[in-house]
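Visitor: I am sharing entry.txt, which consists of compact mmCIF, C-alpha atoms:
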```txt
# COMPACT_ATOMS: atom_id res chain seq x y z
CA MET A 1 33.16 35.33 73.74
CA PRO A 2 31.24 32.68 75.69
CA ILE A 3 32.03 31.44 79.15
CA GLU A 4 32.29 27.67 79.24
CA LEU A 5 32.03 25.74 82.49
CA LYS A 6 30.68 22.68 84.19
CA THR A 7 28.43 22.48 87.22
CA GLN A 8 28.26 19.52 89.58
CA ASP A 9 25.30 17.82 91.25
CA THR A 10 24.90 20.34 94.05
CA LEU A 11 22.54 23.11 95.02
CA GLU A 12 25.29 25.75 95.29
CA TYR A 13 25.40 28.52 92.71
CA VAL A 14 28.70 29.45 91.11
CA PHE A 15 28.55 33.21 90.52
CA HIS A 16 30.00 35.38 87.76
CA PRO A 17 29.66 39.08 87.00
CA VAL A 18 27.07 40.27 84.54
CA PRO A 19 28.90 42.20 81.77
CA SER A 20 29.69 45.88 82.18
CA ARG A 21 26.99 48.45 81.64
CA THR A 22 27.66 51.08 79.03
CA LEU A 23 25.28 53.95 78.41
CA ARG A 24 25.60 55.52 74.96
CA PHE A 25 23.85 58.79 74.19
CA LYS A 26 23.87 61.99 72.19
CA VAL A 27 22.93 65.37 73.56
CA ARG A 28 22.41 68.87 72.18
CA ALA A 29 22.74 71.54 74.86
CA ALA A 30 24.59 74.80 75.37
CA ASN A 31 26.04 73.59 78.68
CA ASP A 32 25.43 71.43 81.74
CA ALA A 33 24.32 68.01 80.49
CA HIS A 34 23.92 66.05 83.73
CA ILE A 35 23.63 62.27 84.08
CA MET A 36 22.83 60.50 87.35
CA LEU A 37 23.45 56.79 88.01
CA SER A 38 21.47 55.19 90.82
CA ALA A 39 20.20 51.91 92.21
CA THR A 40 16.56 53.03 92.20
CA ALA A 41 14.27 54.83 89.81
CA ASN A 42 13.68 57.79 92.11
CA PRO A 43 16.58 58.12 94.54
CA GLU A 44 15.95 60.07 97.71
CA GLY A 45 18.37 62.64 99.05
CA SER A 46 20.11 60.09 101.27
CA ASP A 47 20.44 57.39 98.60
CA PRO A 48 23.88 56.79 97.07
CA VAL A 49 24.18 58.21 93.56
CA LEU A 50 26.78 59.15 91.00
CA GLU A 51 26.49 62.28 88.88
CA VAL A 52 28.37 63.05 85.70
CA PHE A 53 28.43 66.69 84.61
CA ILE A 54 29.40 67.28 80.99
CA GLY A 55 30.02 70.85 79.89
CA GLY A 56 29.47 72.40 83.27
CA TRP A 57 30.84 75.72 84.42
CA SER A 58 29.68 77.52 81.25
CA ASN A 59 30.70 74.59 79.02
CA GLN A 60 34.28 74.66 80.25
CA LYS A 61 34.62 71.66 82.61
CA SER A 62 33.26 68.14 83.23
CA ALA A 63 33.13 66.29 86.55
CA ILE A 64 32.05 63.23 88.54
CA ARG A 65 30.27 63.75 91.85
CA ARG A 66 29.25 61.20 94.52
CA ASP A 67 26.10 61.59 96.61
CA ARG A 68 25.50 65.17 95.44
CA ALA A 69 28.44 66.30 97.59
CA THR A 70 31.40 68.51 96.81
CA PRO A 71 34.29 68.53 96.24
CA ASP A 72 33.89 66.56 93.03
CA LYS A 73 35.61 63.19 92.84
CA ALA A 74 37.13 64.06 89.46
CA ASN A 75 37.02 67.04 87.13
CA VAL A 76 38.77 68.01 83.92
CA GLU A 77 38.88 70.97 81.58
CA THR A 78 36.61 70.33 78.57
CA PRO A 79 36.14 73.68 76.80
CA ASP A 80 33.19 73.76 74.38
CA ILE A 81 32.54 70.04 74.72
CA LEU A 82 28.80 70.60 74.18
CA SER A 83 27.01 72.37 71.37
CA ASN A 84 23.59 73.97 71.15
CA ASP A 85 23.68 73.52 67.37
CA GLU A 86 24.34 69.77 67.01
CA LEU A 87 23.98 66.48 68.79
CA ARG A 88 27.26 65.24 70.24
CA GLY A 89 27.82 61.66 71.29
CA PHE A 90 29.23 60.30 74.55
CA TRP A 91 29.43 57.05 76.49
CA ILE A 92 29.54 56.22 80.19
CA ASN A 93 30.83 52.87 81.35
CA TYR A 94 30.26 51.69 84.92
CA LEU A 95 31.76 48.45 86.16
CA GLY A 96 32.54 47.40 89.70
CA GLY A 97 32.78 50.99 90.89
CA ALA A 98 35.01 52.14 88.02
CA ILE A 99 33.27 54.87 86.03
CA ALA A 100 34.61 56.17 82.72
CA VAL A 101 33.22 58.89 80.47
CA GLY A 102 34.24 59.26 76.85
CA LYS A 103 33.33 60.78 73.50
CA GLU A 104 31.47 58.77 70.89
CA SER A 105 34.37 58.64 68.44
CA GLU A 106 37.08 57.98 71.04
CA VAL A 107 38.05 54.79 72.86
CA GLU A 108 39.92 56.45 75.70
CA PRO A 109 37.81 58.20 78.35
CA PHE A 110 38.35 61.84 79.17
CA LEU A 111 37.01 61.47 82.72
CA THR A 112 37.42 58.56 85.18
CA TRP A 113 37.05 57.71 88.85
CA THR A 114 36.86 54.51 90.91
CA ASP A 115 34.27 54.38 93.69
CA PRO A 116 35.62 52.54 96.77
CA SER A 117 32.01 51.68 97.73
CA PRO A 118 30.37 50.72 94.43
CA ILE A 119 26.71 51.41 93.81
CA ASN A 120 24.60 48.68 92.27
CA VAL A 121 23.65 50.86 89.30
CA ALA A 122 20.29 50.01 87.70
CA PHE A 123 18.90 53.38 86.54
CA PHE A 124 20.11 56.59 84.98
CA GLY A 125 18.64 60.08 84.96
CA VAL A 126 19.35 63.04 82.70
CA SER A 127 18.86 66.74 83.27
CA THR A 128 19.97 70.16 82.12
CA GLY A 129 20.10 73.50 83.89
CA TYR A 130 21.95 76.74 84.46
CA GLY A 131 20.32 78.31 81.41
CA ALA A 132 20.37 75.24 79.19
CA SER A 133 17.73 72.90 77.86
CA GLY A 134 18.70 69.66 76.18
CA GLU A 135 17.72 67.23 73.47
CA TRP A 136 18.91 63.70 74.15
CA VAL A 137 19.03 60.57 72.01
CA ILE A 138 19.59 57.52 74.20
CA ASP A 139 19.66 54.10 72.59
CA GLY A 140 17.53 55.36 69.72
CA GLN A 141 14.94 57.15 71.88
CA THR A 142 14.65 60.94 71.94
CA MET A 143 14.13 62.82 75.21
CA VAL A 144 13.93 66.51 76.03
CA THR A 145 15.08 68.04 79.29
CA HIS A 146 14.34 71.58 80.39
CA ASP A 147 16.26 74.17 82.31
CA THR A 148 15.19 72.77 85.67
CA LEU A 149 18.02 70.57 87.05
CA GLU A 150 15.36 67.87 87.60
CA TYR A 151 16.35 64.39 86.50
CA THR A 152 14.16 62.22 84.28
CA TYR A 153 14.92 58.56 85.02
CA ARG A 154 15.16 55.50 82.79
CA PRO A 155 16.47 51.99 83.39
CA ILE A 156 20.08 51.32 82.44
CA PRO A 157 20.17 49.34 79.16
CA ARG A 158 20.40 45.71 80.17
CA TYR A 159 22.14 42.68 78.92
CA SER A 160 20.69 39.27 78.27
CA LEU A 161 22.41 35.95 78.71
CA ASP A 162 22.55 33.45 75.86
CA ILE A 163 22.79 30.08 77.57
CA HIS A 164 23.51 26.68 76.08
CA VAL A 165 23.23 23.89 78.63
CA ARG A 166 23.43 20.12 78.49
CA ALA A 167 21.92 18.41 81.53
CA ALA A 168 19.44 15.67 82.32
CA HIS A 169 17.29 18.08 84.36
CA ASN A 170 17.40 20.89 86.94
CA ALA A 171 19.55 23.57 85.33
CA HIS A 172 19.22 26.56 87.66
CA ILE A 173 20.18 30.19 87.02
CA ALA A 174 20.25 32.90 89.70
CA LEU A 175 20.26 36.66 89.04
CA THR A 176 21.62 38.61 92.00
CA SER A 177 23.03 41.97 93.09
CA ALA A 178 26.32 40.51 94.39
CA PRO A 179 28.55 37.46 93.79
CA LYS A 180 26.43 35.42 96.19
CA GLU A 181 22.79 34.72 96.99
CA THR A 182 21.14 38.03 97.82
CA SER A 183 17.82 39.35 98.99
CA PRO A 184 16.12 39.92 96.65
CA MET A 185 17.17 37.57 93.86
CA TYR A 186 15.60 35.84 90.87
CA GLU A 187 15.92 32.10 90.28
CA ILE A 188 15.10 30.37 87.01
CA PHE A 189 14.60 26.62 87.09
CA LEU A 190 14.83 24.83 83.74
CA GLY A 191 13.76 21.21 83.50
CA GLY A 192 12.89 20.85 87.15
CA TRP A 193 10.61 18.29 88.69
CA GLU A 194 12.36 15.44 86.85
CA ASN A 195 12.51 17.47 83.62
CA SER A 196 8.77 18.06 83.54
CA GLY A 197 8.44 21.73 84.53
CA SER A 198 10.19 25.11 84.67
CA ALA A 199 9.68 28.10 86.96
CA ILE A 200 10.67 31.61 87.99
CA ARG A 201 11.12 32.09 91.73
CA TYR A 202 11.57 35.37 93.62
CA ASN A 203 13.72 35.65 96.73
CA ARG A 204 13.77 31.86 97.25
CA GLN A 205 10.10 31.97 98.20
CA GLN A 206 7.26 29.72 97.16
CA PRO A 207 4.84 29.62 95.49
CA ASP A 208 6.83 30.31 92.33
CA LYS A 209 5.92 33.45 90.41
CA VAL A 210 5.56 31.41 87.23
CA ARG A 211 5.54 27.68 86.64
CA VAL A 212 4.97 25.99 83.28
CA ASP A 213 4.95 22.42 82.05
CA THR A 214 8.05 21.71 79.96
CA PRO A 215 8.28 17.93 79.56
CA GLY A 216 11.59 16.78 78.10
CA LEU A 217 12.99 20.33 77.99
CA LEU A 218 16.59 19.35 78.77
CA THR A 219 18.73 16.56 77.42
CA THR A 220 22.15 15.08 78.04
CA GLY A 221 22.61 14.55 74.33
CA ASP A 222 22.59 18.10 73.02
CA HIS A 223 23.01 21.61 74.36
CA LYS A 224 19.67 23.38 74.61
CA HIS A 225 19.66 27.13 73.90
CA PHE A 226 17.93 29.74 76.07
CA ARG A 227 17.92 33.54 76.20
CA ILE A 228 17.37 35.02 79.67
CA SER A 229 16.70 38.75 80.10
CA TRP A 230 15.58 40.99 82.96
CA HIS A 231 15.10 44.44 81.45
CA SER A 232 13.15 46.78 83.77
CA GLY A 233 12.30 43.84 86.02
CA LEU A 234 10.67 41.78 83.26
CA VAL A 235 12.32 38.39 83.79
CA ARG A 236 11.90 36.46 80.56
CA VAL A 237 13.09 33.06 79.34
CA GLU A 238 13.03 32.35 75.61
CA THR A 239 13.87 29.26 73.62
CA GLU A 240 13.49 28.26 69.99
CA GLY A 241 12.17 31.71 69.09
CA ARG A 242 9.34 31.72 71.62
CA THR A 243 8.81 32.92 75.18
CA LEU A 244 8.90 29.98 77.55
CA MET A 245 7.89 32.00 80.61
CA GLU A 246 8.09 35.52 82.00
CA TRP A 247 7.27 37.51 85.12
CA GLN A 248 7.21 41.25 85.81
CA ASP A 249 8.80 42.25 89.09
CA PRO A 250 6.80 45.21 90.48
CA ALA A 251 9.92 46.46 92.32
CA PRO A 252 12.95 45.69 90.13
CA PHE A 253 16.46 45.61 91.56
CA GLY A 254 19.80 45.97 89.83
CA VAL A 255 21.24 42.66 88.64
CA SER A 256 25.04 42.55 88.70
CA HIS A 257 25.84 38.81 88.81
CA PHE A 258 24.46 35.51 87.61
CA GLY A 259 24.87 32.09 89.19
CA LEU A 260 24.63 28.60 87.71
CA ARG A 261 24.00 25.26 89.37
CA THR A 262 22.69 21.75 88.78
CA ALA A 263 21.32 19.32 91.34
CA TRP A 264 18.97 16.47 92.15
CA GLY A 265 21.20 13.95 90.39
CA ALA A 266 22.21 16.12 87.41
CA THR A 267 25.46 17.71 86.30
CA GLY A 268 25.63 20.35 83.60
CA LEU A 269 27.84 21.58 80.77
CA TRP A 270 27.24 25.27 80.14
CA SER A 271 28.21 27.90 77.59
CA VAL A 272 27.14 31.44 78.49
CA THR A 273 27.43 34.48 76.21
CA PRO A 274 26.39 37.99 77.32
CA VAL A 275 24.28 39.76 74.69
CA ASN A 276 23.66 43.48 74.36
CA ASP A 277 19.89 43.98 74.45
CA VAL A 278 20.14 47.13 72.34
CA ASP A 279 21.77 45.73 69.22
CA GLY A 280 21.50 42.00 69.86
CA ILE A 281 25.18 41.21 69.51
CA GLY A 282 27.62 39.61 71.90
CA ASP A 283 29.15 42.02 74.37
CA GLN A 284 32.59 42.91 73.03
CA MET A 285 33.62 44.43 76.35
CA TRP A 286 33.75 41.07 78.11
CA ASP A 287 37.31 40.30 76.98
CA GLU A 288 38.47 43.77 77.99
CA ASN A 289 37.17 43.59 81.53
CA TYR A 290 37.32 39.98 82.64
CA ASP A 291 39.87 37.19 82.76
CA ILE A 292 37.56 34.43 81.63
CA ASP A 293 40.16 31.65 81.52
CA PRO A 294 39.36 30.43 85.07
CA LEU A 295 35.72 30.11 84.04
CA ARG A 296 36.69 27.55 81.40
CA ASN A 297 37.74 25.11 84.10
CA ILE A 298 35.43 22.57 85.65
CA VAL A 299 33.78 24.16 88.66
CA ASP A 300 33.71 21.78 91.60
CA THR A 301 31.25 22.57 94.36
CA PRO A 302 30.57 20.50 97.47
CA ASP A 303 27.37 18.56 97.87
CA VAL A 304 24.81 20.29 100.03
CA PRO A 305 21.58 19.10 101.61
CA SER A 306 18.40 19.72 99.69
CA ALA A 307 16.25 22.69 100.56
```
Give the structure from this file in structure tokens form.
Guide:
Amino acid sequence: MPIELKTQDTLEYVFHPVPSRTLRFKVRAANDAHIMLSATANPEGSDPVLEVFIGGWSNQKSAIRRDRATPDKANVETPDILSNDELRGFWINYLGGAIAVGKESEVEPFLTWTDPSPINVAFFGVSTGYGASGEWVIDGQTMVTHDTLEYTYRPIPRYSLDIHVRAAHNAHIALTSAPKETSPMYEIFLGGWENSGSAIRYNRQQPDKVRVDTPGLLTTGDHKHFRISWHSGLVRVETEGRTLMEWQDPAPFGVSHFGLRTAWGATGLWSVTPVNDVDGIGDQMWDENYDIDPLRNIVDTPDVPSA
């Protein structure tokens, strides 16, 4: 379900959470299927991490652990939850510090915990050990882990934003790691420079990473449609079935919020729909996790001096 809102002629972003991240996977292992959630691709020993152990303790228990430290934050009895003979499906949902682990065919999780100091999760790792090797199918890709307890890391599946905006010019989108401007952050300028150009900017710094000529891109007559994605640090803007511009961040960070603004004499009417990058459909979890009614109201922001 889309978010609908209005932005005023200011240079202040109005921030909203990016939809929840859900990792869906299947695994075949005799025991000890381990999943790590982290903010970086190769977390060091001192970096904050979350670990989910499925079928640990000889395939009798499952647990959630924070920062590799015991006692576990949560654990439950799960006898024979894994199988060495067949792939079994699970999901892990992480949103705002709340982590839930469930079985593929079940809506209710069997393991939950809320982190009082949430991690900005951007990557996951999988491993097996204690006598078990594993075959994993994650978002259609097959991986094999060996009996080593060493994690193999992949980016968390990302979401895109489907954006419809009506504005004379200067429709700006920020991608951040908190509900505010952060360092680092991505900014996407659509119809800037009096509706003659568009750009991708990193960390509010110039020169822009990408700038392209886009004369007449925006209009006050009709909503223009854009798809914005940031999977694995590849920031991409698409419109009308083509890539408008893109830039690969060599050191990606975890995006958790997006911000919208208009300025330089323009106001904007926006409709934003989160889209699951894996299957290309609108995120059905939005209604379950967010009260979007306030976002339907006109968002008034004070005027601010130009940068």
Visitor: Please return as number ranges by chain every residue within 9 Å of (15.8, 33.7, 93.5), taking into account only C-alpha atoms and the file's own coordinates.
Guide: A: 173-176, 181-188, 200-205
Visitor: Which is closer to Ile99 in chain A than all the others in A:Asp47, A:Asp72, A:Asp249, A:Asp115, using all atoms listed in the file?
Guide: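 Residue with the minimum atom-to-atom distance to Ile99 in chain A: A:Asp115.
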Visitor: So how many Å separate CA of Leu23 in chain A and CA of Thr273 in chain A, to one decimal?
Guide: 19.7 Å
Visitor: Would you list the contacts of Gly233 in chain A as an NGL selection string, taking every protein, DNA or RNA residue within 6 Å and counting all atoms listed in the file, but skipping same-chain residues closer than 2 positions in sequence?
Guide: :A and (230-231 or 235 or 248-249 or 252)
Visitor: Would you write out those residues with C-alpha atoms, as a tab-separated table (two decimals), in the coordinates of the input?
Guide:
```
chain	number	residue	atom	x	y	z
A	230	TRP	CA	15.58	40.99	82.96
A	231	HIS	CA	15.10	44.44	81.45
A	235	VAL	CA	12.32	38.39	83.79
A	248	GLN	CA	7.21	41.25	85.81
A	249	ASP	CA	8.80	42.25	89.09
A	252	PRO	CA	12.95	45.69	90.13
```
Visitor: Please indicate the distance in Å from CA of Thr40 in chain A to CA of Asn93 in chain A, rounded to one decimal place.
Guide: 17.9 Å
Visitor: Could you name the residues that touch Arg28 in chain A at 9 Å or less, counting only C-alpha atoms, but leaving out those on the same chain fewer than 2 positions away, as a PyMOL selection string?
Guide: chain A and resi 26+30-31+33+82-88+133-137
Visitor: With distances taken over only C-alpha atoms, which of A:Ile64, A:Leu50, A:Val165, A:Ala122 is nearest to Ala251 in chain A?
Guide: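 For Ala251 in chain A, the nearest of the candidates is A:Ala122.
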